[in-house]
>>> print(open('entry_8.csv').read())   # CSV, C-alpha atoms
chain,number,residue,atom,x,y,z
A,299,MET,CA,68.2,92.4,156.5
A,300,ARG,CA,72.0,92.6,156.7
A,301,VAL,CA,72.3,89.7,154.3
A,302,LEU,CA,69.9,91.5,151.8
A,303,SER,CA,72.0,94.7,152.0
A,304,LEU,CA,75.1,92.8,151.4
A,305,ILE,CA,73.7,91.1,148.3
A,306,LEU,CA,72.5,94.4,146.9
A,307,LEU,CA,76.0,95.9,147.5
A,308,ILE,CA,77.6,93.0,145.6
A,309,VAL,CA,75.2,93.3,142.7
A,310,LEU,CA,75.8,97.1,142.4
A,311,ALA,CA,79.5,96.7,142.6
A,312,ALA,CA,79.4,94.1,139.8
A,313,ALA,CA,77.3,96.5,137.6
A,314,CYS,CA,79.8,99.3,138.2
A,315,ASP,CA,82.7,97.1,137.3
A,316,GLN,CA,81.2,96.3,133.9
A,317,THR,CA,80.7,100.0,132.9
A,318,GLU,CA,84.2,100.8,134.1
A,319,ALA,CA,85.8,98.1,132.1
A,320,PRO,CA,84.8,98.8,128.5
A,321,ALA,CA,87.6,96.8,126.9
A,322,ALA,CA,86.2,93.6,128.3
A,323,PRO,CA,84.0,91.8,125.8
A,324,SER,CA,80.5,91.2,127.0
A,325,ASP,CA,78.6,88.5,125.1
A,326,PRO,CA,81.1,87.2,122.6
A,327,GLY,CA,83.6,86.3,125.3
A,328,ALA,CA,81.0,84.3,127.2
A,329,THR,CA,80.8,81.6,124.6
A,330,GLN,CA,84.1,81.5,122.8
A,331,PRO,CA,87.7,82.8,123.2
A,332,VAL,CA,88.2,86.3,121.8
A,333,VAL,CA,91.0,88.6,120.8
A,334,VAL,CA,90.8,92.3,121.4
A,335,GLU,CA,92.7,94.5,118.9
A,336,ALA,CA,93.2,98.1,119.6
A,337,PHE,CA,92.5,100.6,116.8
A,338,ASN,CA,93.7,104.0,117.9
A,339,GLY,CA,94.3,107.1,115.9
A,340,THR,CA,93.4,110.6,115.0
A,341,LEU,CA,90.3,111.4,113.0
A,342,ALA,CA,90.5,114.6,110.9
A,343,VAL,CA,87.5,116.9,110.3
A,344,GLY,CA,85.6,115.2,107.4
A,345,GLY,CA,88.1,112.4,107.4
A,346,SER,CA,88.1,108.6,107.8
A,347,SER,CA,90.4,105.8,108.9
A,348,PHE,CA,90.2,102.1,108.9
A,349,TYR,CA,91.9,99.0,110.3
A,350,SER,CA,92.0,95.5,108.8
A,351,PHE,CA,91.9,92.2,110.7
A,352,THR,CA,91.5,88.6,109.9
A,353,VAL,CA,88.9,86.3,111.4
A,354,THR,CA,89.8,82.6,111.3
A,355,THR,CA,86.7,81.1,112.9
A,356,THR,CA,83.0,81.8,112.7
A,357,GLY,CA,81.8,84.0,115.5
A,358,ASN,CA,80.9,87.5,116.6
A,359,VAL,CA,82.8,90.7,116.0
A,360,SER,CA,82.0,93.7,118.2
A,361,LEU,CA,83.3,97.2,117.8
A,362,LEU,CA,83.6,99.5,120.8
A,363,LEU,CA,84.4,103.1,120.5
A,364,HIS,CA,85.5,103.7,124.1
A,365,GLN,CA,87.3,106.9,123.8
A,366,LEU,CA,86.9,110.1,121.7
A,367,THR,CA,88.8,113.2,122.8
A,368,GLU,CA,89.3,116.6,121.4
A,369,ALA,CA,92.4,118.5,122.6
A,370,GLY,CA,92.6,116.1,125.5
A,371,ALA,CA,89.0,116.5,126.6
A,372,PRO,CA,86.2,113.9,126.1
A,373,SER,CA,84.2,114.7,123.0
A,374,THR,CA,80.4,114.0,122.7
A,375,ALA,CA,80.5,114.3,118.9
A,376,ILE,CA,78.6,111.7,116.9
A,377,VAL,CA,80.9,109.8,114.5
A,378,THR,CA,80.2,107.0,112.1
A,379,MET,CA,81.6,103.5,112.8
A,380,GLY,CA,81.3,100.6,110.4
A,381,LEU,CA,82.4,97.0,109.8
A,382,GLY,CA,83.1,95.8,106.3
A,383,VAL,CA,85.8,94.5,104.0
A,384,PRO,CA,88.9,96.3,102.7
A,385,ARG,CA,88.5,97.3,99.0
A,386,ALA,CA,90.7,99.5,96.9
A,387,THR,CA,92.1,102.2,99.2
A,388,ASP,CA,89.3,102.2,101.7
A,389,CYS,CA,87.1,99.9,103.8
A,390,THR,CA,83.7,99.2,102.3
A,391,ALA,CA,81.5,99.1,105.4
A,392,THR,CA,78.3,97.0,105.2
A,393,SER,CA,77.2,97.7,108.8
A,394,VAL,CA,77.3,101.3,109.8
A,395,VAL,CA,76.2,103.2,113.0
A,396,GLY,CA,76.3,106.8,114.1
A,397,ILE,CA,77.6,106.8,117.7
A,398,THR,CA,79.3,108.6,120.6
A,399,ALA,CA,82.0,107.0,122.7
A,400,GLY,CA,80.6,104.6,125.3
A,401,GLY,CA,81.2,101.7,127.6
A,402,SER,CA,79.7,98.8,125.6
A,403,PRO,CA,80.0,97.7,122.0
A,404,GLN,CA,78.1,99.9,119.6
A,405,LEU,CA,78.2,97.5,116.7
A,406,ALA,CA,78.2,93.7,116.7
A,407,THR,CA,77.6,91.1,114.0
A,408,SER,CA,78.4,87.5,113.4
A,409,VAL,CA,81.0,86.8,110.7
A,410,THR,CA,82.6,83.9,108.9
A,411,PRO,CA,86.3,83.5,108.4
A,412,ALA,CA,87.7,86.3,106.2
A,413,VAL,CA,89.5,89.6,106.2
A,414,TYR,CA,87.4,92.4,107.6
A,415,CYS,CA,87.9,96.1,108.5
A,416,ALA,CA,86.6,98.6,111.1
A,417,ARG,CA,86.1,102.1,109.8
A,418,ILE,CA,85.5,105.4,111.6
A,419,SER,CA,84.6,108.6,109.8
A,420,ASP,CA,83.3,112.0,110.5
A,421,PRO,CA,79.9,112.5,109.0
A,422,GLY,CA,80.3,116.3,109.3
A,423,ASN,CA,80.0,116.8,113.1
A,424,LEU,CA,83.7,117.5,114.0
A,425,THR,CA,85.1,121.0,114.2
A,426,ALA,CA,88.5,119.9,115.2
A,427,PRO,CA,90.5,116.7,114.9
A,428,VAL,CA,89.8,114.1,117.6
A,429,THR,CA,91.7,111.1,118.8
A,430,PHE,CA,89.9,107.9,119.1
A,431,ALA,CA,90.3,104.4,120.6
A,432,ILE,CA,88.3,101.5,119.3
A,433,ASN,CA,88.4,97.9,120.6
A,434,ILE,CA,87.8,95.3,118.0
A,435,ILE,CA,86.6,92.2,119.7
A,436,ARG,CA,86.8,89.2,117.4
A,437,PRO,CA,86.9,85.4,117.6
A,438,ARG,CA,90.4,84.0,118.5
B,119,MET,CA,114.0,109.9,71.3
B,120,ARG,CA,112.1,109.0,74.5
B,121,ILE,CA,110.0,111.8,75.9
B,122,SER,CA,109.5,111.2,79.6
B,123,ARG,CA,108.0,114.5,80.5
B,124,LEU,CA,104.8,114.0,78.6
B,125,PHE,CA,104.2,110.7,80.4
B,126,ALA,CA,104.9,112.3,83.7
B,127,CYS,CA,102.6,115.2,83.1
B,128,LEU,CA,99.8,112.9,82.0
B,129,LEU,CA,100.4,110.6,85.0
B,130,ALA,CA,100.6,113.5,87.3
B,131,VAL,CA,97.4,115.0,86.0
B,132,CYS,CA,95.6,111.7,86.1
B,133,THR,CA,96.8,111.1,89.6
B,134,VAL,CA,95.2,114.2,90.8
B,135,ALA,CA,92.1,113.5,88.8
B,136,CYS,CA,91.8,109.8,89.7
B,137,GLY,CA,93.1,109.8,93.2
B,138,GLU,CA,89.6,110.2,94.6
B,139,GLU,CA,88.3,107.4,92.5
B,140,ASN,CA,90.2,104.6,94.2
B,141,PRO,CA,87.9,104.4,97.2
B,142,ASN,CA,85.0,103.4,95.0
B,143,ALA,CA,85.5,99.7,95.1
B,144,PRO,CA,85.2,98.1,91.7
B,145,SER,CA,83.3,94.9,91.3
B,146,ASN,CA,84.5,91.9,89.3
B,147,LEU,CA,82.3,89.3,87.6
B,148,PRO,CA,82.9,85.7,88.6
B,149,GLY,CA,85.0,83.8,86.0
B,150,GLN,CA,86.1,86.9,84.2
B,151,PRO,CA,89.5,88.5,84.1
B,152,PHE,CA,89.5,91.9,85.8
B,153,THR,CA,91.9,94.8,85.9
B,154,GLU,CA,92.2,97.5,88.6
B,155,LEU,CA,94.5,100.5,88.5
B,156,PHE,CA,96.1,101.6,91.7
B,157,ILE,CA,97.0,105.3,91.3
B,158,GLY,CA,98.4,107.5,94.0
B,159,THR,CA,101.4,109.4,95.4
B,160,LEU,CA,104.1,107.8,97.4
B,161,ALA,CA,105.7,110.0,100.1
B,162,VAL,CA,109.5,109.8,100.9
B,163,GLY,CA,109.8,106.8,103.2
B,164,GLY,CA,106.1,106.2,102.9
B,165,SER,CA,103.9,103.3,101.8
B,166,SER,CA,100.4,102.8,100.4
B,167,PHE,CA,98.2,99.9,99.7
B,168,TYR,CA,95.2,98.8,97.7
B,169,SER,CA,92.8,95.9,98.7
B,170,ILE,CA,91.4,93.4,96.2
B,171,GLY,CA,89.1,90.5,96.6
B,172,PHE,CA,87.8,87.6,94.5
B,173,PRO,CA,85.4,84.8,94.9
B,174,GLU,CA,87.5,82.0,93.3
B,175,THR,CA,91.1,80.9,92.9
B,176,THR,CA,92.8,83.7,90.9
B,177,GLN,CA,96.1,84.4,89.4
B,178,VAL,CA,97.1,88.0,90.4
B,179,ARG,CA,99.6,89.8,88.2
B,180,VAL,CA,100.9,93.0,89.6
B,181,THR,CA,102.7,95.5,87.4
B,182,LEU,CA,104.3,98.8,88.5
B,183,VAL,CA,103.7,100.6,85.2
B,184,GLY,CA,104.9,104.1,85.9
B,185,LEU,CA,106.6,106.5,88.4
B,186,SER,CA,106.8,110.2,88.0
B,187,SER,CA,107.6,113.2,90.1
B,188,ALA,CA,105.0,115.9,90.8
B,189,THR,CA,106.9,118.3,88.6
B,190,GLY,CA,106.6,116.1,85.5
B,191,VAL,CA,109.8,114.0,85.4
B,192,LEU,CA,109.9,110.3,84.8
B,193,THR,CA,111.4,108.6,87.9
B,194,PRO,CA,113.2,105.3,87.1
B,195,THR,CA,113.6,104.7,90.8
B,196,THR,CA,113.5,101.3,92.5
B,197,VAL,CA,110.6,100.9,94.9
B,198,SER,CA,109.2,98.0,96.9
B,199,LEU,CA,106.2,96.3,95.4
B,200,ARG,CA,104.2,94.0,97.7
B,201,LEU,CA,101.4,91.5,97.6
B,202,GLY,CA,99.8,90.4,100.9
B,203,VAL,CA,96.9,90.6,103.3
B,204,PRO,CA,95.4,93.8,104.8
B,205,SER,CA,96.4,93.9,108.5
B,206,GLY,CA,95.9,96.8,110.9
B,207,THR,CA,96.5,100.0,109.0
B,208,THR,CA,99.0,98.4,106.5
B,209,CYS,CA,99.4,95.6,104.0
B,210,ALA,CA,101.3,92.6,105.5
B,211,PRO,CA,103.3,91.3,102.6
B,212,SER,CA,103.7,87.7,101.6
B,213,SER,CA,105.6,88.5,98.4
B,214,THR,CA,107.9,91.5,98.0
B,215,ALA,CA,110.0,92.6,95.0
B,216,ASN,CA,112.2,95.6,94.4
B,217,VAL,CA,111.2,96.9,91.0
B,218,VAL,CA,111.4,99.6,88.4
B,219,PRO,CA,108.5,100.5,86.1
B,220,GLY,CA,107.7,98.2,83.2
B,221,PHE,CA,104.8,96.6,81.2
B,222,THR,CA,105.4,93.1,82.4
B,223,PRO,CA,104.3,91.9,85.8
B,224,GLN,CA,106.8,92.1,88.6
B,225,ILE,CA,104.7,89.9,91.0
B,226,ILE,CA,102.6,86.9,89.9
B,227,SER,CA,100.8,84.8,92.4
B,228,GLU,CA,98.0,82.3,92.4
B,229,LEU,CA,95.7,83.1,95.4
B,230,GLN,CA,92.7,81.4,97.0
B,231,THR,CA,89.3,83.1,97.5
B,232,GLY,CA,89.7,86.0,99.8
B,233,THR,CA,90.9,89.5,100.4
B,234,TYR,CA,94.4,90.6,99.6
B,235,CYS,CA,96.4,93.8,99.1
B,236,VAL,CA,98.9,95.3,96.8
B,237,GLY,CA,101.3,97.6,98.4
B,238,ILE,CA,104.1,100.0,97.4
B,239,ALA,CA,106.7,101.4,99.6
B,240,ASP,CA,109.8,103.6,99.4
B,241,GLY,CA,112.8,101.5,100.2
B,242,GLY,CA,115.0,104.6,100.5
B,243,GLY,CA,115.3,105.6,96.9
B,244,LEU,CA,112.9,108.5,96.7
B,245,THR,CA,114.0,112.0,97.2
B,246,GLN,CA,110.6,113.6,96.6
B,247,PRO,CA,106.9,112.6,96.6
B,248,THR,CA,106.3,110.4,93.5
B,249,ASN,CA,103.2,109.5,91.6
B,250,PHE,CA,102.7,105.9,90.8
B,251,LEU,CA,100.6,103.7,88.6
B,252,ILE,CA,100.1,100.0,89.3
B,253,ARG,CA,98.1,97.6,87.3
B,254,ILE,CA,96.5,94.7,89.1
B,255,HIS,CA,95.3,92.1,86.7
B,256,GLN,CA,93.2,89.3,88.2
B,257,ILE,CA,92.6,86.2,86.1
B,258,PRO,CA,90.4,83.4,87.5
B,259,THR,CA,92.5,80.2,87.1
B,260,SER,CA,89.4,78.7,85.4
B,261,SER,CA,89.7,81.2,82.6
B,262,ILE,CA,93.4,81.0,81.9
B,263,PRO,CA,93.8,79.8,78.3
B,264,PRO,CA,95.8,76.6,77.9
B,265,ARG,CA,97.9,78.1,75.1
B,266,PRO,CA,98.8,81.7,74.3
B,267,PRO,CA,96.9,82.9,71.2
B,268,ALA,CA,98.8,83.6,67.9
B,269,PRO,CA,100.1,87.2,67.3
B,270,THR,CA,97.7,89.5,65.5
B,271,GLN,CA,97.9,92.9,63.8
B,272,GLU,CA,95.5,95.8,63.7
B,273,THR,CA,95.5,99.1,61.9
B,274,PHE,CA,94.8,102.5,63.4
B,275,ALA,CA,94.0,105.0,60.7
B,276,SER,CA,92.7,108.5,61.6
B,277,ASN,CA,93.4,112.2,61.5
B,278,LEU,CA,95.5,114.3,63.8
B,279,ALA,CA,94.6,118.0,64.4
B,280,VAL,CA,97.1,120.8,65.1
B,281,ARG,CA,98.0,120.5,68.8
B,282,GLY,CA,95.6,117.5,69.0
B,283,THR,CA,95.8,113.9,70.1
B,284,SER,CA,94.4,110.7,68.7
B,285,ALA,CA,94.4,107.4,70.6
B,286,ARG,CA,93.4,103.8,70.1
B,287,THR,CA,92.9,101.1,72.6
B,288,PHE,CA,93.9,97.5,71.9
B,289,GLU,CA,94.0,94.2,73.7
B,290,ALA,CA,97.0,92.0,74.1
B,291,THR,CA,95.4,88.6,74.7
B,292,GLY,CA,98.7,87.1,75.9
B,293,GLY,CA,102.1,88.1,77.1
B,294,GLY,CA,104.7,89.0,74.4
B,295,GLN,CA,106.0,91.8,72.2
B,296,VAL,CA,104.0,94.8,71.0
B,297,THR,CA,105.3,96.7,68.0
B,298,VAL,CA,103.8,100.0,67.0
B,299,THR,CA,104.7,101.4,63.6
B,300,LEU,CA,103.7,104.8,62.2
B,301,GLN,CA,103.3,103.5,58.6
B,302,ASN,CA,102.5,106.9,57.0
B,303,ILE,CA,101.6,110.4,58.0
B,304,GLY,CA,100.9,113.6,56.1
B,305,PRO,CA,100.8,115.5,53.9
B,306,PRO,CA,103.3,116.8,54.2
B,307,ALA,CA,105.2,113.5,54.7
B,308,SER,CA,108.0,115.3,56.6
B,309,VAL,CA,106.0,116.1,59.7
B,310,THR,CA,107.0,114.5,63.0
B,311,VAL,CA,104.8,113.7,66.0
B,312,ASP,CA,104.9,112.0,69.4
B,313,MET,CA,103.8,108.4,69.4
B,314,SER,CA,103.1,106.8,72.8
B,315,LEU,CA,102.3,103.5,74.4
B,316,GLY,CA,100.3,103.3,77.6
B,317,ILE,CA,97.4,101.7,79.4
B,318,PRO,CA,93.8,102.9,79.2
B,319,ARG,CA,92.1,104.2,82.3
B,320,THR,CA,89.6,101.7,83.5
B,321,ASP,CA,86.7,104.1,83.0
B,322,GLY,CA,87.7,104.4,79.3
B,323,THR,CA,88.3,108.2,79.5
B,324,GLY,CA,91.9,108.4,78.6
B,325,CYS,CA,95.3,106.8,77.9
B,326,LEU,CA,97.9,106.8,80.6
B,327,VAL,CA,101.0,107.2,78.6
B,328,THR,CA,104.2,105.6,79.9
B,329,GLN,CA,106.5,105.6,76.9
B,330,THR,CA,106.7,108.2,74.2
B,331,PHE,CA,108.9,108.4,71.1
B,332,ARG,CA,109.2,111.3,68.5
B,333,GLY,CA,109.5,110.8,64.8
B,334,GLY,CA,107.9,110.8,61.4
B,335,ALA,CA,106.7,108.1,58.9
B,336,GLY,CA,108.5,104.8,59.7
B,337,LEU,CA,108.8,105.5,63.4
B,338,GLN,CA,108.6,102.2,65.2
B,339,PHE,CA,109.0,101.0,68.8
B,340,SER,CA,108.5,97.7,70.7
B,341,ALA,CA,107.8,96.8,74.2
B,342,GLN,CA,107.3,93.5,76.2
B,343,VAL,CA,103.9,93.4,77.6
B,344,ASP,CA,101.6,91.3,79.7
B,345,ALA,CA,98.1,90.3,78.6
B,346,GLY,CA,95.7,93.2,79.0
B,347,PRO,CA,94.4,96.4,77.5
B,348,TYR,CA,96.9,99.0,76.1
B,349,CYS,CA,96.6,102.2,74.2
B,350,THR,CA,98.7,104.0,71.6
B,351,MET,CA,98.4,107.7,71.1
B,352,LEU,CA,99.6,110.2,68.5
B,353,SER,CA,100.0,113.8,69.6
B,354,ASP,CA,101.2,116.9,67.9
B,355,PHE,CA,104.0,118.5,70.0
B,356,GLY,CA,104.0,121.6,67.8
B,357,ASP,CA,105.3,120.5,64.4
B,358,LEU,CA,101.9,120.5,62.6
B,359,THR,CA,100.6,123.5,60.8
B,360,VAL,CA,97.6,121.7,59.2
B,361,PRO,CA,95.7,118.6,60.2
B,362,VAL,CA,97.2,115.3,58.9
B,363,SER,CA,96.0,111.8,58.3
B,364,PHE,CA,98.1,108.8,59.5
B,365,THR,CA,98.2,105.1,59.6
B,366,VAL,CA,99.6,103.2,62.6
B,367,VAL,CA,100.0,99.4,62.5
B,368,ILE,CA,100.0,97.6,65.9
B,369,ALA,CA,101.4,94.0,66.0
B,370,LYS,CA,100.5,92.4,69.3
B,371,PRO,CA,100.3,89.0,71.1
>>> encode(input="entry_8.csv", output="structure tokens")
Amino acid sequence: MRVLSLILLIVLAAACDQTEAPAAPSDPGATQPVVVEAFNGTLAVGGSSFYSFTVTTTGNVSLLLHQLTEAGAPSTAIVTMGLGVPRATDCTATSVVGITAGGSPQLATSVTPAVYCARISDPGNLTAPVTFAINIIRPR
Amino acid sequence: MRISRLFACLLAVCTVACGEENPNAPSNLPGQPFTELFIGTLAVGGSSFYSIGFPETTQVRVTLVGLSSATGVLTPTTVSLRLGVPSGTTCAPSSTANVVPGFTPQIISELQTGTYCVGIADGGGLTQPTNFLIRIHQIPTSSIPPRPPAPTQETFASNLAVRGTSARTFEATGGGQVTVTLQNIGPPASVTVDMSLGIPRTDGTGCLVTQTFRGGAGLQFSAQVDAGPYCTMLSDFGDLTVPVSFTVVIAKP
């Protein structure tokens, strides 16, 4: 019985560690080396922002919005996050999701070597500017 | 006499009107030359970039065509023009040139399939926000002609209304000299007008004037240009009292 309790405790502790370490890649990192790039900034009401990065080997790219704050307090607003390619003065996103900040990647897709971009935008839900923190987890 | 204010006003107006068009990514057809216009406003000490992409090896020719202040004055300032790869929130340059506006490319590079960016930055010369117009000409290497074609000439004959404008778009099929001549105008033959050279907007809705000269019949000016579309425009600055007819001859590469 003591042994069973100990095992349960270890399993629970491991689960808690995963949710408290949002920056750590989950699946992609298990099979290939990854790089995590931080895309941090301020999103204006009705605005958008993007970040370009280069992928040199085929693999998975995951985007994790792990922080969204309004005036220093966590925001539960739904924003739009996408993955695409830089075009003209913006990022043409081909995969787009409406999300709130969380602990695990909200968008993941496999990619081939090329230049890509992560884009965040306000679909009309913000009433004040928010600061955001996105981790871009890509193949090394 | 060179009239810079008109260009600057037109560029300023267009910048406002076109600024929101840039995010709509244009699409290029494989094997075909393609031109994109990067129009915007450069802040003092600031930078801006525009991303391009192509599916085959392509010669990219980047030309800073115009700079003007928001108040309508031509700005012959030197700025930094860049060609590179989008990285983070900027354009990481692989080629950089300090340039002033002109019609011939300041950066020419042959690039493999992929995504690249053209950037502009203030190297310290700006004293106020400045509108810019950059032409990005993309020519697949498979479509570059082995020899430049022979020079040709075309005639632009039309009427000009009081306070009106009249424009013609033409194509320079290679680099070289363009000469525009106002062969005749009137009656009366003594009237003077503004005659301009510029590049057409990519959606075909106007002529972005970058050089303007004032005069009557016989007025002529030349400019070194790159291959691509151009436009010449006649406009009445206030000298006309009745509509006139005119003939302009355009000699081009």
>>> interface_residues(input="entry_8.csv", of="chain A", to="chain B", cutoff="9 Å", atoms="all atoms listed in the file", output="PyMOL selection string")
chain A and resi 335+337+347-352+383-390+412-415
>>> atom_distance(input="entry_8.csv", atom1="atom CA of Leu229 of chain B", atom2="atom CA of Gly346 of chain B")
19.3 Å
>>> atom_distance(input="entry_8.csv", atom1="atom CA of Thr310 of chain B", atom2="atom CA of Gly333 of chain B")
4.8 Å
>>> atom_distance(input="entry_8.csv", atom1="atom CA of Thr323 of chain B", atom2="atom CA of Pro347 of chain B")
13.4 Å
>>> residues_around(input="entry_8.csv", residues="segment 223-228 of chain B", least_positions_apart="4", cutoff="9 Å", atoms="all atoms listed in the file", output="tab-separated table (two decimals) with C-alpha atoms, in the coordinates of the input")
chain	number	residue	atom	x	y	z
B	175	THR	CA	91.10	80.90	92.90
B	176	THR	CA	92.80	83.70	90.90
B	177	GLN	CA	96.10	84.40	89.40
B	178	VAL	CA	97.10	88.00	90.40
B	179	ARG	CA	99.60	89.80	88.20
B	180	VAL	CA	100.90	93.00	89.60
B	181	THR	CA	102.70	95.50	87.40
B	182	LEU	CA	104.30	98.80	88.50
B	183	VAL	CA	103.70	100.60	85.20
B	199	LEU	CA	106.20	96.30	95.40
B	200	ARG	CA	104.20	94.00	97.70
B	201	LEU	CA	101.40	91.50	97.60
B	213	SER	CA	105.60	88.50	98.40
B	214	THR	CA	107.90	91.50	98.00
B	215	ALA	CA	110.00	92.60	95.00
B	216	ASN	CA	112.20	95.60	94.40
B	217	VAL	CA	111.20	96.90	91.00
B	218	VAL	CA	111.40	99.60	88.40
B	219	PRO	CA	108.50	100.50	86.10
B	253	ARG	CA	98.10	97.60	87.30
B	254	ILE	CA	96.50	94.70	89.10
B	259	THR	CA	92.50	80.20	87.10
B	343	VAL	CA	103.90	93.40	77.60
B	344	ASP	CA	101.60	91.30	79.70
>>> residues_around(input="entry_8.csv", residues="Cys349 of chain B", least_positions_apart="2", cutoff="7 Å", atoms="all atoms listed in the file", output="compact mmCIF listing (two decimals) with C-alpha atoms, in the coordinates of the input")
# COMPACT_ATOMS: atom_id res chain seq x y z
CA ALA B 285 94.40 107.40 70.60
CA ARG B 286 93.40 103.80 70.10
CA THR B 287 92.90 101.10 72.60
CA PHE B 288 93.90 97.50 71.90
CA LEU B 315 102.30 103.50 74.40
CA GLY B 316 100.30 103.30 77.60
CA ILE B 317 97.40 101.70 79.40
CA PRO B 318 93.80 102.90 79.20
CA CYS B 325 95.30 106.80 77.90
CA MET B 351 98.40 107.70 71.10
>>> residues_around(input="entry_8.csv", residues="segment 360-375 of chain A", least_positions_apart="5", cutoff="10 Å", atoms="all atoms listed in the file", output="PyMOL selection string")
chain A and resi 319-326+334-341+380-381+396-408+416-418+420+422-437
>>> residues_near_point(input="entry_8.csv", point="(102.4, 109.2, 95.8)", cutoff="8 Å", atoms="only C-alpha atoms", output="list in words")
Gly158, Thr159, Leu160, Ala161, Pro247, Thr248, Asn249 and Phe250 of chain B
>>> write_last_selection(input="entry_8.csv", atoms="C-alpha atoms", output="mmCIF file, in the frame of the given file")
data_model
loop_
_atom_site.group_PDB
_atom_site.id
_atom_site.type_symbol
_atom_site.label_atom_id
_atom_site.label_comp_id
_atom_site.auth_asym_id
_atom_site.auth_seq_id
_atom_site.Cartn_x
_atom_site.Cartn_y
_atom_site.Cartn_z
ATOM 1 C CA GLY B 158 98.400 107.500 94.000
ATOM 2 C CA THR B 159 101.400 109.400 95.400
ATOM 3 C CA LEU B 160 104.100 107.800 97.400
ATOM 4 C CA ALA B 161 105.700 110.000 100.100
ATOM 5 C CA PRO B 247 106.900 112.600 96.600
ATOM 6 C CA THR B 248 106.300 110.400 93.500
ATOM 7 C CA ASN B 249 103.200 109.500 91.600
ATOM 8 C CA PHE B 250 102.700 105.900 90.800
#
>>> closest_residue(input="entry_8.csv", among="B:Ala290, B:Thr350, B:Gln150, B:Gln295", to="Pro258 of chain B", atoms="all atoms listed in the file")
B:Gln150
